[in-house]
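Coordinates from work_9.cif are shown below (mmCIF, C-alpha atoms).
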data_coords
#
loop_
_atom_site.label_atom_id
_atom_site.label_comp_id
_atom_site.auth_asym_id
_atom_site.auth_seq_id
_atom_site.Cartn_x
_atom_site.Cartn_y
_atom_site.Cartn_z
CA MET Y 1 10.47 -33.82 7.49
CA ARG Y 2 9.23 -33.26 11.03
CA ILE Y 3 7.37 -30.09 11.99
CA SER Y 4 10.49 -28.71 13.74
CA GLU Y 5 12.45 -29.11 10.50
CA LEU Y 6 9.60 -27.43 8.56
CA SER Y 7 9.87 -24.48 10.94
CA ARG Y 8 13.65 -24.34 10.55
CA VAL Y 9 13.63 -24.55 6.74
CA THR Y 10 11.02 -21.81 6.32
CA GLY Y 11 12.14 -19.61 9.21
CA VAL Y 12 8.54 -19.55 10.47
CA PRO Y 13 8.50 -19.98 14.29
CA LEU Y 14 7.14 -23.33 15.45
CA PRO Y 15 4.17 -21.86 17.38
CA THR Y 16 3.17 -19.97 14.23
CA VAL Y 17 3.36 -23.15 12.13
CA LYS Y 18 1.11 -24.91 14.66
CA TYR Y 19 -1.29 -21.98 14.63
CA TYR Y 20 -1.55 -22.12 10.83
CA LEU Y 21 -2.23 -25.86 11.07
CA ARG Y 22 -5.04 -25.28 13.58
CA GLU Y 23 -6.49 -22.48 11.45
CA GLY Y 24 -6.38 -24.59 8.31
CA LEU Y 25 -3.99 -22.29 6.44
CA LEU Y 26 -1.48 -25.13 6.26
CA GLN Y 27 -2.63 -28.56 5.11
CA PRO Y 28 -2.06 -31.38 7.65
CA GLY Y 29 1.01 -33.59 7.26
CA THR Y 30 0.94 -37.37 6.89
CA ALA Y 31 0.49 -38.94 10.32
CA THR Y 32 3.38 -41.30 11.14
CA ALA Y 33 2.61 -41.91 14.81
CA ALA Y 34 0.38 -40.49 17.49
CA ASN Y 35 1.27 -36.79 17.69
CA GLN Y 36 3.76 -37.04 14.84
CA ALA Y 37 3.42 -36.15 11.20
CA GLU Y 38 5.63 -35.89 8.17
CA TYR Y 39 5.74 -32.74 6.03
CA GLY Y 40 7.00 -32.24 2.49
CA ASP Y 41 7.94 -29.60 -0.07
CA GLU Y 42 4.29 -28.69 -0.61
CA HIS Y 43 4.12 -27.63 3.03
CA VAL Y 44 7.25 -25.52 2.69
CA HIS Y 45 5.75 -23.84 -0.35
CA ARG Y 46 2.38 -23.27 1.29
CA LEU Y 47 4.01 -21.75 4.38
CA ARG Y 48 5.97 -19.33 2.21
CA LEU Y 49 2.82 -18.36 0.34
CA VAL Y 50 1.01 -17.68 3.63
CA ARG Y 51 3.95 -15.59 4.85
CA ALA Y 52 4.03 -13.56 1.64
CA LEU Y 53 0.33 -12.79 1.97
CA ARG Y 54 0.62 -12.01 5.68
CA GLU Y 55 3.84 -10.01 5.73
CA VAL Y 56 4.18 -8.41 2.33
CA GLY Y 57 0.44 -8.12 1.66
CA ASP Y 58 -0.51 -7.41 5.29
CA LEU Y 59 -3.57 -9.70 5.00
CA GLY Y 60 -5.38 -11.02 8.09
CA ILE Y 61 -5.79 -14.72 8.82
CA THR Y 62 -9.42 -14.69 7.61
CA GLU Y 63 -8.42 -13.05 4.35
CA VAL Y 64 -5.52 -15.46 3.74
CA ARG Y 65 -7.87 -18.39 4.29
CA ALA Y 66 -10.41 -16.98 1.82
CA VAL Y 67 -7.70 -16.55 -0.83
CA LEU Y 68 -6.28 -20.05 -0.31
CA GLU Y 69 -9.72 -21.65 -0.43
CA ALA Y 70 -10.58 -19.83 -3.65
CA ALA Y 71 -7.24 -20.81 -5.19
CA ALA Y 72 -7.91 -24.47 -4.36
CA ASP Y 73 -11.47 -24.42 -5.70
CA GLU Y 74 -11.14 -25.58 -9.28
CA ARG Y 75 -14.72 -24.62 -10.10
CA LEU Y 76 -13.64 -20.98 -9.94
CA SER Y 77 -12.11 -19.32 -12.97
CA LEU Y 78 -8.82 -17.48 -12.53
CA HIS Y 79 -10.75 -14.24 -12.90
CA GLU Y 80 -12.91 -15.22 -9.93
CA VAL Y 81 -9.89 -16.18 -7.82
CA LEU Y 82 -8.27 -12.83 -8.54
CA GLY Y 83 -11.54 -11.19 -7.49
CA VAL Y 84 -11.37 -13.01 -4.15
CA ALA Y 85 -7.78 -11.80 -3.68
CA HIS Y 86 -8.82 -8.22 -4.43
CA HIS Y 87 -11.69 -8.44 -1.96
CA ALA Y 88 -9.29 -9.83 0.66
CA LEU Y 89 -7.07 -6.79 0.20
CA GLY Y 90 -10.05 -4.66 1.23
CA PRO Y 91 -11.35 -2.35 2.32
CA ARG Y 92 -14.33 -4.05 3.89
CA ALA Y 93 -17.73 -2.76 2.84
CA ASP Y 94 -18.86 0.05 5.13
CA PRO Y 95 -22.49 -0.43 6.26
CA ALA Y 96 -22.91 3.27 7.15
CA PRO Y 97 -24.32 5.53 4.43
CA PRO Y 98 -21.45 7.54 2.96
CA ALA Y 99 -21.04 11.25 3.77
CA PRO Y 100 -22.31 13.45 0.91
CA ASP Y 101 -18.82 14.27 -0.34
CA LEU Y 102 -17.88 10.57 -0.34
CA ALA Y 103 -21.03 9.70 -2.29
CA ARG Y 104 -20.09 12.36 -4.85
CA ALA Y 105 -16.50 11.06 -5.02
CA ARG Y 106 -17.78 7.53 -5.65
CA ASP Y 107 -19.87 8.79 -8.57
CA ASP Y 108 -16.84 10.63 -9.92
CA VAL Y 109 -14.70 7.48 -9.64
CA ASP Y 110 -17.40 5.42 -11.38
CA ARG Y 111 -17.44 7.94 -14.23
CA LEU Y 112 -13.63 7.91 -14.46
CA LEU Y 113 -13.58 4.11 -14.75
CA ALA Y 114 -16.43 4.08 -17.24
CA GLY Y 115 -14.56 6.68 -19.29
CA LEU Y 116 -11.49 4.45 -19.29
CA GLY Y 117 -13.65 1.60 -20.55
CA TRP Y 118 -12.47 -0.70 -17.76
CA ARG Y 119 -14.57 -3.80 -17.06
CA VAL Y 120 -14.71 -3.60 -13.27
CA SER Y 121 -17.35 -5.00 -10.91
CA PRO Y 122 -19.54 -2.34 -9.26
CA ALA Y 123 -18.66 -4.07 -5.96
CA ALA Y 124 -14.87 -3.89 -6.42
CA PRO Y 125 -13.49 -2.66 -3.06
CA ALA Y 126 -10.74 -0.68 -4.80
CA ARG Y 127 -13.44 1.71 -6.08
CA ARG Y 128 -13.93 2.88 -2.52
CA LEU Y 129 -10.19 3.15 -1.86
CA LEU Y 130 -9.97 5.47 -4.82
CA ALA Y 131 -13.01 7.49 -3.70
CA ASP Y 132 -11.49 7.78 -0.20
CA ALA Y 133 -8.28 9.14 -1.71
CA LEU Y 134 -10.26 11.68 -3.75
CA VAL Y 135 -12.25 12.78 -0.68
CA ALA Y 136 -9.04 13.20 1.34
CA LEU Y 137 -7.63 15.52 -1.34
CA ARG Y 138 -10.85 17.53 -1.58
CA ARG Y 139 -11.26 17.88 2.18
CA LEU Y 140 -7.78 19.39 2.22
CA GLY Y 141 -9.04 22.08 -0.12
CA ARG Y 142 -7.74 20.67 -3.41
CA ASP Y 143 -10.64 21.08 -5.79
CA VAL Y 144 -9.62 18.20 -8.04
CA PRO Y 145 -11.67 16.08 -10.46
CA ALA Y 146 -11.26 12.30 -10.50
CA GLU Y 147 -9.18 12.85 -13.64
CA VAL Y 148 -6.29 13.84 -11.35
CA PHE Y 149 -5.75 10.08 -11.23
CA ALA Y 150 -5.54 9.68 -15.01
CA PRO Y 151 -1.70 9.38 -15.21
CA TYR Y 152 -1.83 6.77 -12.43
CA ALA Y 153 -4.55 4.89 -14.27
CA GLU Y 154 -2.44 4.89 -17.42
CA ALA Y 155 0.58 3.50 -15.56
CA ALA Y 156 -1.59 0.90 -13.80
CA ASP Y 157 -3.16 -0.14 -17.09
CA ARG Y 158 0.20 -0.74 -18.73
CA LEU Y 159 1.52 -2.77 -15.78
CA ALA Y 160 -1.67 -4.82 -15.40
CA ALA Y 161 -1.74 -5.72 -19.10
CA SER Y 162 1.76 -7.16 -18.81
CA GLU Y 163 1.01 -8.92 -15.50
CA LEU Y 164 -2.13 -10.62 -16.75
CA GLY Y 165 -0.28 -11.65 -19.88
CA GLY Y 166 2.17 -13.51 -17.64
CA VAL Y 167 -0.68 -15.15 -15.74
CA ALA Y 168 -2.35 -16.30 -18.94
CA ARG Y 169 0.94 -17.91 -20.07
CA ALA Y 170 1.46 -19.83 -16.79
CA ASP Y 171 2.04 -23.58 -17.05
CA ASP Y 172 -0.94 -24.80 -15.08
CA ARG Y 173 -3.85 -23.54 -12.99
CA GLU Y 174 -2.01 -23.70 -9.68
CA ASP Y 175 0.92 -21.76 -11.07
CA ALA Y 176 -1.41 -19.22 -12.70
CA VAL Y 177 -3.42 -18.72 -9.52
CA GLU Y 178 -0.30 -18.22 -7.46
CA GLN Y 179 1.17 -15.84 -9.97
CA ALA Y 180 -2.03 -13.78 -9.99
CA VAL Y 181 -2.37 -13.64 -6.21
CA VAL Y 182 1.30 -13.15 -5.40
CA GLY Y 183 1.63 -10.69 -8.24
CA THR Y 184 -1.20 -8.57 -6.89
CA VAL Y 185 0.14 -8.47 -3.36
CA VAL Y 186 3.91 -8.49 -3.80
CA PHE Y 187 4.15 -6.19 -6.79
CA GLU Y 188 1.77 -3.69 -5.19
CA ALA Y 189 4.19 -3.43 -2.28
CA ALA Y 190 7.11 -3.19 -4.70
CA LEU Y 191 5.42 -0.47 -6.75
CA GLY Y 192 4.71 1.59 -3.63
CA ALA Y 193 8.32 1.23 -2.49
CA LEU Y 194 9.67 2.20 -5.92
CA ARG Y 195 7.45 5.25 -6.09
CA ARG Y 196 8.82 6.51 -2.76
CA LEU Y 197 12.37 5.88 -3.95
CA ALA Y 198 11.69 7.67 -7.23
CA GLN Y 199 10.17 10.57 -5.28
CA GLU Y 200 13.28 10.79 -3.14
CA HIS Y 201 15.41 10.83 -6.27
CA HIS Y 202 13.40 13.57 -7.95
CA SER Y 203 13.19 15.45 -4.69
CA ALA Y 204 16.99 15.29 -4.42
CA LEU Y 205 17.28 16.61 -7.96
CA ARG Y 206 14.83 19.47 -7.48
CA LEU Y 207 14.50 20.37 -3.84
CA SER Y 208 17.61 19.52 -1.84
CA GLU Y 209 19.72 22.43 -3.11
CA ALA Y 210 17.19 25.02 -1.97
CA PRO Y 211 18.14 26.95 1.17
CA PRO Y 212 16.17 25.94 4.28
CA GLY Y 213 12.78 27.59 4.46
CA ALA Y 214 13.02 28.95 0.95
CA ALA Y 215 12.66 25.75 -1.02
CA THR Y 216 9.85 27.06 -3.19
CA ASP Y 217 10.64 30.75 -3.36
CA GLY Y 218 12.20 30.48 -6.81
CA MET S 1 -16.04 27.87 16.59
CA ARG S 2 -16.35 25.69 19.68
CA ILE S 3 -14.76 22.24 19.81
CA SER S 4 -18.15 20.56 19.27
CA GLU S 5 -18.61 22.54 16.06
CA LEU S 6 -15.06 21.62 14.97
CA SER S 7 -16.01 17.98 15.45
CA ARG S 8 -19.24 18.42 13.49
CA VAL S 9 -17.66 20.28 10.56
CA THR S 10 -14.85 17.75 10.11
CA GLY S 11 -16.83 14.63 10.95
CA VAL S 12 -14.11 13.65 13.43
CA PRO S 13 -15.70 12.34 16.67
CA LEU S 14 -15.30 14.68 19.66
CA PRO S 15 -13.27 12.19 21.78
CA THR S 16 -10.87 11.80 18.85
CA VAL S 17 -10.49 15.58 18.52
CA LYS S 18 -9.70 15.79 22.25
CA TYR S 19 -7.21 12.94 21.92
CA TYR S 20 -5.41 14.71 19.08
CA LEU S 21 -5.27 17.88 21.21
CA ARG S 22 -3.73 15.95 24.12
CA GLU S 23 -1.25 14.25 21.79
CA GLY S 24 -0.26 17.53 20.19
CA LEU S 25 -1.40 16.55 16.70
CA LEU S 26 -3.89 19.42 16.76
CA GLN S 27 -2.70 22.87 17.84
CA PRO S 28 -4.56 24.32 20.88
CA GLY S 29 -7.40 26.79 20.26
CA THR S 30 -7.55 30.31 21.68
CA ALA S 31 -8.74 30.13 25.29
CA THR S 32 -11.93 32.15 25.77
CA ALA S 33 -12.80 30.97 29.29
CA ALA S 34 -11.77 28.29 31.72
CA ASN S 35 -12.30 25.00 29.86
CA GLN S 36 -13.37 26.76 26.69
CA ALA S 37 -11.46 27.56 23.52
CA GLU S 38 -12.18 28.91 20.08
CA TYR S 39 -11.06 27.07 16.94
CA GLY S 40 -10.67 28.32 13.38
CA ASP S 41 -10.19 27.21 9.78
CA GLU S 42 -6.57 26.26 10.46
CA HIS S 43 -7.83 23.67 12.96
CA VAL S 44 -10.31 22.28 10.44
CA HIS S 45 -7.52 21.95 7.90
CA ARG S 46 -5.09 20.38 10.36
CA LEU S 47 -7.71 17.83 11.47
CA ARG S 48 -8.33 16.84 7.85
CA LEU S 49 -4.60 16.47 7.26
CA VAL S 50 -4.28 14.22 10.31
CA ARG S 51 -7.23 12.12 9.13
CA ALA S 52 -5.75 11.75 5.66
CA LEU S 53 -2.46 10.52 7.11
CA ARG S 54 -4.20 8.23 9.60
CA GLU S 55 -6.91 6.74 7.40
CA VAL S 56 -5.64 6.87 3.85
CA GLY S 57 -1.95 6.51 4.75
CA ASP S 58 -2.54 4.18 7.71
CA LEU S 59 0.11 6.03 9.78
CA GLY S 60 0.34 5.65 13.56
CA ILE S 61 0.00 8.59 15.96
CA THR S 62 3.78 8.72 16.52
CA GLU S 63 4.42 8.80 12.77
CA VAL S 64 1.81 11.51 12.15
CA ARG S 65 3.40 13.64 14.88
CA ALA S 66 6.86 13.21 13.35
CA VAL S 67 5.56 14.28 9.92
CA LEU S 68 3.72 17.32 11.31
CA GLU S 69 6.72 18.44 13.35
CA ALA S 70 9.01 18.15 10.36
CA ALA S 71 6.54 20.06 8.19
CA ALA S 72 6.43 22.88 10.74
CA ASP S 73 10.22 23.06 11.13
CA GLU S 74 11.28 25.74 8.68
CA ARG S 75 14.95 24.86 9.10
CA LEU S 76 14.28 21.65 7.15
CA SER S 77 14.34 21.68 3.37
CA LEU S 78 11.38 20.20 1.53
CA HIS S 79 13.61 17.29 0.61
CA GLU S 80 14.21 16.60 4.29
CA VAL S 81 10.50 16.83 5.15
CA LEU S 82 9.71 14.33 2.41
CA GLY S 83 12.39 12.07 3.88
CA VAL S 84 10.64 12.21 7.26
CA ALA S 85 7.32 11.32 5.60
CA HIS S 86 8.94 8.36 3.85
CA HIS S 87 10.47 7.16 7.10
CA ALA S 88 7.08 7.47 8.80
CA LEU S 89 5.58 5.20 6.15
CA GLY S 90 8.06 2.56 7.25
CA PRO S 91 9.02 -0.12 7.64
CA ARG S 92 10.87 0.39 10.89
CA ALA S 93 14.53 -0.65 10.90
CA ASP S 94 14.90 -4.27 11.94
CA PRO S 95 17.66 -4.71 14.53
CA ALA S 96 18.04 -8.45 13.80
CA PRO S 97 20.70 -9.42 11.24
CA PRO S 98 18.92 -10.25 7.97
CA ALA S 99 18.59 -13.86 6.78
CA PRO S 100 21.16 -14.68 4.06
CA ASP S 101 18.61 -14.51 1.24
CA LEU S 102 17.38 -11.12 2.49
CA ALA S 103 20.94 -9.80 2.65
CA ARG S 104 21.44 -10.92 -0.95
CA ALA S 105 18.14 -9.32 -2.01
CA ARG S 106 19.19 -6.04 -0.41
CA ASP S 107 22.41 -6.07 -2.39
CA ASP S 108 20.43 -6.79 -5.56
CA VAL S 109 18.06 -3.89 -4.82
CA ASP S 110 21.01 -1.57 -4.16
CA ARG S 111 22.50 -2.55 -7.51
CA LEU S 112 19.16 -2.03 -9.29
CA LEU S 113 18.83 1.49 -7.85
CA ALA S 114 22.46 2.33 -8.60
CA GLY S 115 21.90 1.13 -12.17
CA LEU S 116 18.87 3.43 -12.46
CA GLY S 117 21.06 6.31 -11.28
CA TRP S 118 18.60 7.23 -8.55
CA ARG S 119 19.89 9.44 -5.73
CA VAL S 120 18.43 7.58 -2.76
CA SER S 121 19.71 7.49 0.84
CA PRO S 122 21.25 4.16 1.87
CA ALA S 123 18.90 4.32 4.90
CA ALA S 124 15.69 4.76 2.87
CA PRO S 125 13.17 2.33 4.39
CA ALA S 126 11.63 1.61 1.00
CA ARG S 127 14.83 -0.22 0.04
CA ARG S 128 13.92 -2.90 2.54
CA LEU S 129 10.29 -3.04 1.38
CA LEU S 130 11.57 -3.77 -2.08
CA ALA S 131 14.06 -6.38 -0.82
CA ASP S 132 11.25 -8.03 1.18
CA ALA S 133 9.14 -8.24 -1.97
CA LEU S 134 12.03 -9.79 -3.88
CA VAL S 135 12.67 -12.35 -1.12
CA ALA S 136 8.96 -13.28 -1.03
CA LEU S 137 9.06 -14.01 -4.79
CA ARG S 138 12.27 -16.03 -4.51
CA ARG S 139 11.11 -18.05 -1.52
CA LEU S 140 8.10 -19.07 -3.61
CA GLY S 141 10.49 -20.54 -6.15
CA ARG S 142 10.56 -17.69 -8.67
CA ASP S 143 14.21 -17.29 -9.52
CA VAL S 144 13.94 -13.62 -10.45
CA PRO S 145 16.57 -10.88 -10.57
CA ALA S 146 15.81 -7.44 -9.08
CA GLU S 147 15.32 -6.32 -12.69
CA VAL S 148 11.85 -7.92 -12.53
CA PHE S 149 10.91 -4.57 -10.98
CA ALA S 150 12.26 -2.51 -13.89
CA PRO S 151 8.86 -1.77 -15.51
CA TYR S 152 7.54 -0.68 -12.10
CA ALA S 153 10.57 1.53 -11.58
CA GLU S 154 9.98 3.14 -14.96
CA ALA S 155 6.33 3.87 -14.13
CA ALA S 156 7.29 5.17 -10.67
CA ASP S 157 9.98 7.40 -12.16
CA ARG S 158 7.56 9.01 -14.60
CA LEU S 159 4.92 9.63 -11.91
CA ALA S 160 7.43 10.97 -9.36
CA ALA S 161 8.95 13.39 -11.87
CA SER S 162 5.53 14.90 -12.46
CA GLU S 163 4.63 14.92 -8.75
CA LEU S 164 7.81 16.66 -7.66
CA GLY S 165 7.36 19.17 -10.45
CA GLY S 166 4.02 20.08 -8.88
CA VAL S 167 5.60 20.39 -5.44
CA ALA S 168 8.34 22.67 -6.76
CA ARG S 169 5.70 24.93 -8.31
CA ALA S 170 3.65 25.24 -5.09
CA ASP S 171 2.84 28.76 -3.87
CA ASP S 172 4.57 28.65 -0.51
CA ARG S 173 6.47 26.31 1.78
CA GLU S 174 3.39 25.16 3.72
CA ASP S 175 1.54 24.35 0.53
CA ALA S 176 4.59 22.57 -0.93
CA VAL S 177 5.12 20.50 2.21
CA GLU S 178 1.49 19.48 2.33
CA GLN S 179 1.47 18.63 -1.35
CA ALA S 180 4.57 16.47 -0.94
CA VAL S 181 3.33 14.64 2.14
CA VAL S 182 -0.28 14.22 1.04
CA GLY S 183 0.86 13.32 -2.45
CA THR S 184 3.07 10.55 -1.13
CA VAL S 185 0.39 9.03 1.05
CA VAL S 186 -2.83 9.63 -0.86
CA PHE S 187 -1.57 8.94 -4.36
CA GLU S 188 0.18 5.77 -3.22
CA ALA S 189 -3.20 4.48 -2.02
CA ALA S 190 -4.80 5.64 -5.28
CA LEU S 191 -2.14 3.97 -7.41
CA GLY S 192 -2.57 0.68 -5.55
CA ALA S 193 -6.34 0.87 -6.01
CA LEU S 194 -6.04 1.67 -9.71
CA ARG S 195 -3.64 -1.20 -10.27
CA ARG S 196 -6.14 -3.64 -8.77
CA LEU S 197 -8.92 -2.19 -10.92
CA ALA S 198 -6.75 -2.40 -14.02
CA GLN S 199 -5.89 -6.00 -13.14
CA GLU S 200 -9.57 -6.83 -12.83
CA HIS S 201 -10.18 -5.26 -16.22
CA HIS S 202 -7.37 -7.14 -17.94
CA SER S 203 -8.36 -10.30 -16.10
CA ALA S 204 -11.93 -9.88 -17.40
CA LEU S 205 -10.56 -9.45 -20.92
CA ARG S 206 -8.25 -12.46 -20.80
CA LEU S 207 -9.37 -14.93 -18.18
CA SER S 208 -13.07 -14.74 -17.48
CA GLU S 209 -14.20 -16.54 -20.62
CA ALA S 210 -12.16 -19.64 -19.87
CA PRO S 211 -14.14 -22.66 -18.62
CA PRO S 212 -13.73 -23.32 -14.89
CA GLY S 213 -10.54 -25.18 -14.05
CA ALA S 214 -9.17 -24.80 -17.54
CA ALA S 215 -8.41 -21.11 -17.54
CA THR S 216 -4.84 -21.54 -18.72
CA ASP S 217 -5.05 -24.68 -20.78
CA GLY S 218 -5.20 -22.84 -24.06
#

What is this structure when it is put down as structure tokens?
Amino acid sequence: MRISELSRVTGVPLPTVKYYLREGLLQPGTATAANQAEYGDEHVHRLRLVRALREVGDLGITEVRAVLEAAADERLSLHEVLGVAHHALGPRADPAPPAPDLARARDDVDRLLAGLGWRVSPAAPARRLLADALVALRRLGRDVPAEVFAPYAEAADRLAASELGGVARADDREDAVEQAVVGTVVFEAALGALRRLAQEHHSALRLSEAPPGAATDG
Amino acid sequence: MRISELSRVTGVPLPTVKYYLREGLLQPGTATAANQAEYGDEHVHRLRLVRALREVGDLGITEVRAVLEAAADERLSLHEVLGVAHHALGPRADPAPPAPDLARARDDVDRLLAGLGWRVSPAAPARRLLADALVALRRLGRDVPAEVFAPYAEAADRLAASELGGVARADDREDAVEQAVVGTVVFEAALGALRRLAQEHHSALRLSEAPPGAATDG
């Protein structure tokens, strides 16, 4: 198909398709004439993968490129590709020395993870996300240990075990890589959405009957 | 304390503190002279709340203001305040008619939630987040029903029940509101981080031993 058809089929605007081509996120088509190329199903699929990472996962162009390059690099194990995807999701390493309470929170998070027996790289960016969350709670006056996250860790552990089982059963490397990367990004968004919906439900059950301004007087 | 001290104590840069004052995110101090005001613990706390919503929750200024105004409005029930927080987390309503596959995914999500028996507003923005996630999976060729999210819904339900229990037990309205809002934002970030860490752990257990390029051949 022509590039205009590729844009129509995927719903990705033509200028965006051209931008992805220039940035190397989309592989070039087969040249059929000067200034004309033919695109196939693999381009449709790639475009949809890029859109999922950009829109659902909110990844930047640089991060999408890093993930796609890792996925294509067959010297990398699936574990390494997943690591690249996790790094792409951030946060970026902060060169500034952490404030004292953040340094303490990082130690607490490290101890929590060690206590869980999780095999996680010391450089995993999600460690800092978790420490940031802990610091935010503490700065608001909640004197909580890292163990406040234990029920979340338990839920995450159960979900991840099932997800990685699916990845390990995938038909081939390409399918496994995509399942791992898409699974990380798309199901994280889905889990966040479901938690808000479940909160609304439980809030409706518990809090909506209370008279205004007296919701917690009981 | 003076505004410079407020900045120092909270670690929020002075220009940012002044910006929040202008934008009404931070309540004015008590004027002590022309161009001078005194700030107290309530300002420290408010600044930390704003930072948590901005940095951990990634909310815009407009969204933070909406959440703070709802929290302060004692005519609103806690359930309504939580609804405002969820709306602030987005996504914004999309005025364009949805593509046919998105319309179908929304119906599927509505059916999933109805099947779960959750009391959730038809306008809840998280419905669309979930439909977007489902569409992303389907566009990548995974022919999945909305029930693919069922294990995530179960985990979310268990966590939300416990979270809302904590909110309902809070000492007063202000504490309950803050717990609900902060809980939504901060624990969502924490849950996402923990899921990535758990994935890395299960990936290390299952995938890292495989020889490069043959990770799923077994």

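Put simply, atom CA of Arg158 of chain Y is 23.9 Å away from atom CA of Val144 of chain Y.
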
Quick one: of Y:Val12, Y:Val56, Y:Val84, Y:Leu47, who's nearest to Leu26 of chain Y, counting only C-alpha atoms?
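Distance minimum relative to Leu26 of chain Y lands on Y:Leu47.
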
Quick one: residues within 9 Å of segment 93-106 of chain S, all atoms listed in the file counted, chain neighbours fewer than 4 positions away excluded, as a PDB file with C-alpha atoms, in the frame of the given file?
ATOM      1  CA  GLY Y  11      12.140 -19.610   9.210  1.00  0.00           C
TER       2      GLY Y  11
ATOM      3  CA  ASP S 110      21.010  -1.570  -4.160  1.00  0.00           C
ATOM      4  CA  ARG S 111      22.500  -2.550  -7.510  1.00  0.00           C
ATOM      5  CA  ALA S 123      18.900   4.320   4.900  1.00  0.00           C
ATOM      6  CA  PRO S 125      13.170   2.330   4.390  1.00  0.00           C
ATOM      7  CA  ARG S 127      14.830  -0.220   0.040  1.00  0.00           C
ATOM      8  CA  ARG S 128      13.920  -2.900   2.540  1.00  0.00           C
ATOM      9  CA  LEU S 130      11.570  -3.770  -2.080  1.00  0.00           C
ATOM     10  CA  ALA S 131      14.060  -6.380  -0.820  1.00  0.00           C
ATOM     11  CA  ASP S 132      11.250  -8.030   1.180  1.00  0.00           C
ATOM     12  CA  LEU S 134      12.030  -9.790  -3.880  1.00  0.00           C
ATOM     13  CA  VAL S 135      12.670 -12.350  -1.120  1.00  0.00           C
ATOM     14  CA  ARG S 138      12.270 -16.030  -4.510  1.00  0.00           C
ATOM     15  CA  ARG S 139      11.110 -18.050  -1.520  1.00  0.00           C
ATOM     16  CA  PRO S 145      16.570 -10.880 -10.570  1.00  0.00           C
ATOM     17  CA  ALA S 146      15.810  -7.440  -9.080  1.00  0.00           C
TER      18      ALA S 146
END

Write out as a PyMOL selection string the residues lying within 12 Å of Leu113 of chain Y, counting all atoms listed in the file and excluding same-chain residues fewer than 3 positions away.
(chain Y and resi 106-110+116-122+124+126-127+130-131+146-147+149-150+153-154+157) or (chain S and resi 193-194+197-198+200-201)

Find the residue from S:Val64, S:Leu21, S:Val44, S:Leu191 that sits nearest to Ala156 of chain S; use all atoms listed in the file when measuring.
S:Leu191

Between atom CA of Ser203 of chain S and atom CA of Ala160 of chain S, measure the distance and give it in Å to one decimal.
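Between atom CA of Ser203 of chain S and atom CA of Ala160 of chain S the gap is 27.3 Å.
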
Grab the atom CA of Arg75 of chain Y to atom CA of Ala204 of chain S distance for me, in Å with one decimal place.
16.7 Å

Evaluate the PyMOL selection byres ((chain S and resi 65) around 12) and report residues as a short mmCIF file (atom, residue, chain, number, x, y, z; two decimals) with C-alpha atoms, in the coordinates of the input:
data_model
loop_
_atom_site.label_atom_id
_atom_site.label_comp_id
_atom_site.auth_asym_id
_atom_site.auth_seq_id
_atom_site.Cartn_x
_atom_site.Cartn_y
_atom_site.Cartn_z
CA TYR S 20 -5.41 14.71 19.08
CA LEU S 21 -5.27 17.88 21.21
CA ARG S 22 -3.73 15.95 24.12
CA GLU S 23 -1.25 14.25 21.79
CA GLY S 24 -0.26 17.53 20.19
CA LEU S 25 -1.40 16.55 16.70
CA LEU S 26 -3.89 19.42 16.76
CA GLN S 27 -2.70 22.87 17.84
CA ARG S 46 -5.09 20.38 10.36
CA LEU S 49 -4.60 16.47 7.26
CA VAL S 50 -4.28 14.22 10.31
CA LEU S 53 -2.46 10.52 7.11
CA ARG S 54 -4.20 8.23 9.60
CA LEU S 59 0.11 6.03 9.78
CA GLY S 60 0.34 5.65 13.56
CA ILE S 61 0.00 8.59 15.96
CA THR S 62 3.78 8.72 16.52
CA GLU S 63 4.42 8.80 12.77
CA VAL S 64 1.81 11.51 12.15
CA ALA S 66 6.86 13.21 13.35
CA VAL S 67 5.56 14.28 9.92
CA LEU S 68 3.72 17.32 11.31
CA GLU S 69 6.72 18.44 13.35
CA ALA S 70 9.01 18.15 10.36
CA ALA S 71 6.54 20.06 8.19
CA ALA S 72 6.43 22.88 10.74
CA VAL S 84 10.64 12.21 7.26
CA ALA S 85 7.32 11.32 5.60
CA ALA S 88 7.08 7.47 8.80
#

Expanded to explicit residues, what is the PyMOL selection byres ((chain S and resi 177) around 10) for this file, as a tab-separated table (two decimals) with C-alpha atoms, in the coordinates of the input?
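See result-v8.tsv below for the written result:
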chain	number	residue	atom	x	y	z
Y	215	ALA	CA	12.66	25.75	-1.02
Y	216	THR	CA	9.85	27.06	-3.19
S	67	VAL	CA	5.56	14.28	9.92
S	68	LEU	CA	3.72	17.32	11.31
S	70	ALA	CA	9.01	18.15	10.36
S	71	ALA	CA	6.54	20.06	8.19
S	72	ALA	CA	6.43	22.88	10.74
S	77	SER	CA	14.34	21.68	3.37
S	78	LEU	CA	11.38	20.20	1.53
S	79	HIS	CA	13.61	17.29	0.61
S	81	VAL	CA	10.50	16.83	5.15
S	82	LEU	CA	9.71	14.33	2.41
S	167	VAL	CA	5.60	20.39	-5.44
S	168	ALA	CA	8.34	22.67	-6.76
S	170	ALA	CA	3.65	25.24	-5.09
S	172	ASP	CA	4.57	28.65	-0.51
S	173	ARG	CA	6.47	26.31	1.78
S	174	GLU	CA	3.39	25.16	3.72
S	175	ASP	CA	1.54	24.35	0.53
S	176	ALA	CA	4.59	22.57	-0.93
S	178	GLU	CA	1.49	19.48	2.33
S	179	GLN	CA	1.47	18.63	-1.35
S	180	ALA	CA	4.57	16.47	-0.94
S	181	VAL	CA	3.33	14.64	2.14
S	182	VAL	CA	-0.28	14.22	1.04
S	183	GLY	CA	0.86	13.32	-2.45
